[in-house]
Structure formats: C-alpha cells, structure tokens
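Undergrad: First the structure, which I've put down as structure tokens, then a few questions once you've had a look.
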Amino acid sequence: MNPCVLVGNVDIHTHVVPAEFPPYLGHRLGARWPSMTEARPCHRHVMLDGQVYRTVSHQCWDCAVRLADMDAMGITRQVLSPMPELLSYGLDGEDGQVLSRFLNEAIAGMVQAAPARFTGLGAVPLQDVDLAIRELDFLLHQLGLAGVEIGSNINGVSIGDARFLPFFEAAERLGAAIFVHALRPAGMDRLVGPPILEQALAFPGEVGLAAASMLTGGTLAHCPRLRIAFSHGGGTLAQLLPRLQHAWECFPALQAAMPTAPREAARAMYYDDLVYDTSTIAYLLRAFGPTQLMLGSDYPFAIMDPDPVGRLAALALDEPALALLRHGNAARWLGLQGTA
C-alpha cells in the first residue's frame, strides 16, 4: 500500500505514550517533567510531580500490539498523537521544546516502522510561539509528520486568542494539519462526582469553546486555508452554533468580528465523530456537513469507542458519503493526495 494513499478506515484520534522518557536535563526547579515506572505486566505508570498521572498499557508504544488491535477493529490506518497531558505547556518554553522534540522523534519512529498503517502528529511548545513555529517546521520537513496536536487552551488562554495567530499563520503556510484536544478544561469546579467526569462532561464544553474561539477571535478568517480538526465531535460547538448564528444576525459587533456567518464558518473546520452515539453523529453531519467529519476512537485509553467502524456502518449512508467519513475527509485534512 502506498503510504500516501488513504483507503479503508482511518482513525484520526489515537494517542501515543513513549515507553520511556529522557531524564530532565534543564535547570528549573520543580519542572513537571514526565517519567515512567513499571506497573503490572505490559503496563507502566506515567509519573508527573512524583505521582502517578495515568497507568498505560504497551498499546501506547508497541507498534505490533497496535497493529493487531487495528486489524481486529477493522482500522486501516491510525493517526498518532501524544497523550494530551504530554503537551506540557506548563514547562518553560525551552524545556517544552526539548520534550516536544523527543515526542516528535518517537512518533516519527513509529510511523517509520509501519508507514502504510500510521500517520503522525507531533507536539510544539505553544507557550512560546516562536519556538513552536520552529518546531513545527522541523517536524514537518525533517521528520515527515503531517502536523501537530495542540491543546484547547494554552495555560488557560484559548487558542483563538490573537497571541497564537502567528502560529496558525505558519501552520497554514506550511500546510500542517492541526488536531485540537481538550486539555485542563474549564468548569472543573462545577463538576460533582468522580474524577472521570473531567473526560465525560468537561471535555465537550472545553472543545466547543475552543472551536468557537477560532471563529469569534478571527483566526479562521485570517487563515481560511488552515486545516484544523477538533476532537470529540467538536464538543458542544454543534449545539452552540444556532445561538451564535442568531446573535451574529442580531448584533453588528459580532458581524464585525466574524465576516462569515457562524454556520458557514464552522463548515470550514474538521471534526472527529467520537461522540459514542450514532444519532449524535447524524446530528453532526447535518451541522457540519458530510465533508468535515472523520472517524475517531481515542485508542488505546479506557474511554475509547471499541467499534468506531460499526458506528459508521449503522448510519446507513450511501457509499460516497461513507467513504468520506472513512478516509476521504481525513486525506484532505492531512494533506495526503490520492484517496481510494
């Protein structure tokens, strides 16, 4: 299979954790640098601040295990991206660049091990925009990655803030694919219940606000050719759009901030279909259009959708529309030519 041709089922939302991390060689006391320790067989603890952040399995780093799982799930290709916490925006910019380089080289190594089955997205230290742009150029042109995963906010600042516009201008110019994942979500103080509610309830709102910020902050208008995708179905964006559209029609200030109507502008961005419900996927298709939605699973974490291919089949779409969701839209987002 030509690695530049996407066929079958392309899972654009999967995560990587390296088997090991290099020791911290910087000079800043208290740097939140990750490390790994042994856990039960085939598992390791990701350590941050001397505590277990998450226990992960060898699925995160072992290509052979991933490939076997992909075959069992009917997945032809995975798009690999770092476990979001590893984006490490809390580090100093220089330390963040060192960790990003390590992650990028690790992901590039996995892609090189199976180029017909894996496409890679790296990391950049967006806490320092200039360093992030330099690392983006490196991972695209030296490592052959397709783009980057970024967090929904950078140390509490939404990605639609003007300070990040130079990075998105560079991503547009360089032809990088951008994948936005929830990170340190807003509203955590309002949750009542166990910690898993962060992923179950806070992530969708966080992603929806991040996606909306790209519209209301003017970034997408400045970068109309930017190929940016949002995890978890764009979070709450589909539900926010009617209200935002109505406000845009009523208030000149919003029209001045957004030259394109929100409903139309939202259809210029991409979204995975990771919402765990076929009827909700159908709703997203109506909101965003059949050319913007892509298959995603959140492999290999516990909250993953175990049968993303089955969910697409249950939509009863015609073959051309199904092909878009299975691989065609992913090919356009990733900038890969020649779909089948």
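Residues are named by chain letter and number: chains run A, B, ... in the order of the structure tokens, numbers start at 1 in each chain, and ligands are numbered from 1 in the order shown.
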Compile the contact shell of Ser158 in chain A as a PDB file with N, CA and C atoms, in the first residue's frame: residues with an atom at most 8 Å away, counting only C-alpha atoms, same-chain residues fewer than 3 positions apart removed.

TA:
ATOM      1  N   SER A 152      -6.632  22.600  23.772  1.00  0.00           N
ATOM      2  CA  SER A 152      -7.739  23.534  23.565  1.00  0.00           C
ATOM      3  C   SER A 152      -7.455  24.904  24.157  1.00  0.00           C
ATOM      4  N   ASN A 153      -6.549  24.945  25.109  1.00  0.00           N
ATOM      5  CA  ASN A 153      -6.091  26.216  25.663  1.00  0.00           C
ATOM      6  C   ASN A 153      -4.621  26.054  26.021  1.00  0.00           C
ATOM      7  N   ILE A 154      -3.939  27.175  26.094  1.00  0.00           N
ATOM      8  CA  ILE A 154      -2.526  27.167  26.441  1.00  0.00           C
ATOM      9  C   ILE A 154      -2.393  27.908  27.760  1.00  0.00           C
ATOM     10  N   ASP A 161      -7.128  33.146  20.804  1.00  0.00           N
ATOM     11  CA  ASP A 161      -6.542  34.421  21.218  1.00  0.00           C
ATOM     12  C   ASP A 161      -5.524  34.886  20.171  1.00  0.00           C
ATOM     13  N   ALA A 210     -13.217  26.153  22.540  1.00  0.00           N
ATOM     14  CA  ALA A 210     -12.005  26.338  21.744  1.00  0.00           C
ATOM     15  C   ALA A 210     -12.342  26.500  20.271  1.00  0.00           C
ATOM     16  N   SER A 213     -13.844  29.835  19.614  1.00  0.00           N
ATOM     17  CA  SER A 213     -12.869  30.922  19.680  1.00  0.00           C
ATOM     18  C   SER A 213     -12.140  31.125  18.364  1.00  0.00           C
TER      19      SER A 213
END

Undergrad: If we count only C-alpha atoms, what is near Asn104 in chain A at a cut-off of 7 Å, once residues fewer than 5 positions away on the same chain are taken out, given as a PyMOL selection string?

TA: chain A and resi 122-123+139

Undergrad: Considering only C-alpha atoms, can you say which of A:Asp11, A:Glu249, A:Asp69, A:Asp95 comes closest to Trp33 in chain A?

TA: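 Using only C-alpha atoms, the shortest distance to Trp33 in chain A belongs to A:Asp95.
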
Undergrad: Give me the range 118-228 of chain A side of the contact with range 295-299 of chain A, cut-off 12 Å, one line per residue showing its nearest atom pair and distance in Å at one decimal, counting only C-alpha atoms, sorted by chain and residue number, as a Markdown table.

TA:
| residue | atom | partner | partner_atom | distance |
| --- | --- | --- | --- | --- |
| A:Phe179 | CA | A:Gly296 | CA | 11.6 |
| A:His181 | CA | A:Asp298 | CA | 10.6 |
| A:Gln199 | CA | A:Asp298 | CA | 11.4 |

Undergrad: Show which residues sit within 9 Å of range 261-265 of chain A, as a PyMOL selection string. Count only C-alpha atoms, and ignore same-chain residues fewer than 3 positions away.

TA: chain A and resi 212+215-216+220-221+241-242+244-245+248-249+255+258+268-269+287-288

Undergrad: Taking into account only C-alpha atoms, which residue in the set A:Ala108, A:Ala331, A:Ile196, A:Val207 is nearest to Ser81 in chain A?

TA: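 Result for the nearest residue to Ser81 in chain A: A:Ala108.
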
Undergrad: If you run DSSP on the backbone, which residues of range 76-272 of chain A are helix (DSSP H, G or I), as an MDAnalysis selection string?

TA: chainID A and resid 84:87 93:113 129:141 162:174 188:190 197:216 219:222 232:234 237:250 252:257 262:266

Undergrad: Output C-alpha atoms for every residue in that selection, as a short mmCIF file (atom, residue, chain, number, x, y, z; two decimals), in the first residue's frame.

TA:
data_model
loop_
_atom_site.label_atom_id
_atom_site.label_comp_id
_atom_site.auth_asym_id
_atom_site.auth_seq_id
_atom_site.Cartn_x
_atom_site.Cartn_y
_atom_site.Cartn_z
CA PRO A 84 -2.56 15.38 25.64
CA GLU A 85 -1.02 15.92 29.08
CA LEU A 86 2.39 15.37 27.47
CA LEU A 87 1.99 18.63 25.54
CA GLY A 93 9.41 27.17 26.53
CA GLU A 94 12.92 25.76 26.09
CA ASP A 95 12.12 22.71 28.21
CA GLY A 96 8.88 22.31 26.31
CA GLN A 97 10.79 22.31 23.04
CA VAL A 98 13.10 19.56 24.29
CA LEU A 99 10.19 17.38 25.35
CA SER A 100 8.32 18.12 22.11
CA ARG A 101 11.36 17.09 20.07
CA PHE A 102 11.56 13.81 21.96
CA LEU A 103 7.86 13.11 21.39
CA ASN A 104 8.12 14.04 17.73
CA GLU A 105 11.06 11.73 17.13
CA ALA A 106 9.30 8.90 18.99
CA ILE A 107 6.15 9.27 16.89
CA ALA A 108 8.19 9.57 13.69
CA GLY A 109 9.90 6.30 14.64
CA MET A 110 6.54 4.56 14.97
CA VAL A 111 5.46 5.91 11.57
CA GLN A 112 8.70 4.68 10.02
CA ALA A 113 8.06 1.23 11.48
CA VAL A 129 5.03 30.82 19.83
CA ASP A 130 8.38 31.42 18.11
CA LEU A 131 9.78 28.10 19.35
CA ALA A 132 6.52 26.39 18.36
CA ILE A 133 6.82 27.65 14.79
CA ARG A 134 10.42 26.44 14.55
CA GLU A 135 9.50 23.01 15.89
CA LEU A 136 6.54 22.81 13.52
CA ASP A 137 8.86 23.42 10.57
CA PHE A 138 11.27 20.76 11.85
CA LEU A 139 8.68 18.04 12.43
CA LEU A 140 7.11 18.62 9.02
CA HIS A 141 10.25 18.85 6.92
CA ALA A 162 -4.60 36.77 18.94
CA ARG A 163 -1.26 35.86 20.52
CA PHE A 164 -1.40 32.46 18.77
CA LEU A 165 -2.29 33.84 15.34
CA PRO A 166 1.35 33.76 14.09
CA PHE A 167 1.46 30.03 14.81
CA PHE A 168 -1.72 29.35 12.87
CA GLU A 169 -0.48 31.54 10.01
CA ALA A 170 2.66 29.39 9.90
CA ALA A 171 0.61 26.19 10.02
CA GLU A 172 -1.49 27.41 7.10
CA ARG A 173 1.60 28.46 5.14
CA LEU A 174 3.42 25.18 5.80
CA MET A 188 -13.97 21.64 36.64
CA ASP A 189 -15.11 23.45 39.80
CA ARG A 190 -18.73 22.79 38.80
CA LEU A 197 -16.21 13.32 34.86
CA GLU A 198 -13.42 15.55 33.54
CA GLN A 199 -13.38 13.46 30.37
CA ALA A 200 -17.07 12.60 30.34
CA LEU A 201 -18.52 16.07 30.97
CA ALA A 202 -15.87 18.81 30.92
CA PHE A 203 -14.06 17.87 27.70
CA PRO A 204 -17.03 18.58 25.37
CA GLY A 205 -17.60 22.06 26.74
CA GLU A 206 -13.90 22.86 26.58
CA VAL A 207 -13.56 21.73 22.96
CA GLY A 208 -16.72 23.60 21.96
CA LEU A 209 -15.38 26.86 23.41
CA ALA A 210 -12.00 26.34 21.74
CA ALA A 211 -13.64 25.75 18.36
CA ALA A 212 -15.89 28.79 18.82
CA SER A 213 -12.87 30.92 19.68
CA MET A 214 -11.36 30.20 16.28
CA LEU A 215 -14.47 31.79 14.75
CA THR A 216 -15.13 34.66 17.16
CA THR A 219 -8.26 33.25 13.42
CA LEU A 220 -10.15 31.25 10.83
CA ALA A 221 -10.96 34.40 8.87
CA HIS A 222 -7.25 35.27 8.84
CA HIS A 232 -14.90 14.69 20.47
CA GLY A 233 -17.16 15.84 17.65
CA GLY A 234 -16.22 19.47 18.22
CA LEU A 237 -20.00 23.55 19.12
CA ALA A 238 -22.86 22.00 17.14
CA GLN A 239 -25.27 22.95 19.93
CA LEU A 240 -23.77 26.43 20.27
CA LEU A 241 -23.99 27.25 16.58
CA PRO A 242 -27.72 28.12 16.38
CA ARG A 243 -27.38 30.56 19.27
CA LEU A 244 -24.17 32.04 17.87
CA GLN A 245 -25.77 32.34 14.43
CA HIS A 246 -28.79 34.16 15.88
CA ALA A 247 -26.56 36.52 17.86
CA TRP A 248 -24.47 37.18 14.74
CA GLU A 249 -27.60 38.15 12.84
CA CYS A 250 -28.71 40.49 15.66
CA PRO A 252 -23.24 44.22 14.41
CA ALA A 253 -20.31 43.77 16.80
CA LEU A 254 -20.32 40.02 16.12
CA GLN A 255 -20.58 40.61 12.39
CA ALA A 256 -17.55 42.88 12.62
CA ALA A 257 -15.63 40.18 14.49
CA PRO A 262 -21.02 31.09 12.07
CA ARG A 263 -22.94 28.20 10.45
CA GLU A 264 -20.90 28.60 7.28
CA ALA A 265 -17.57 29.22 9.02
CA ALA A 266 -17.94 26.09 11.17
#
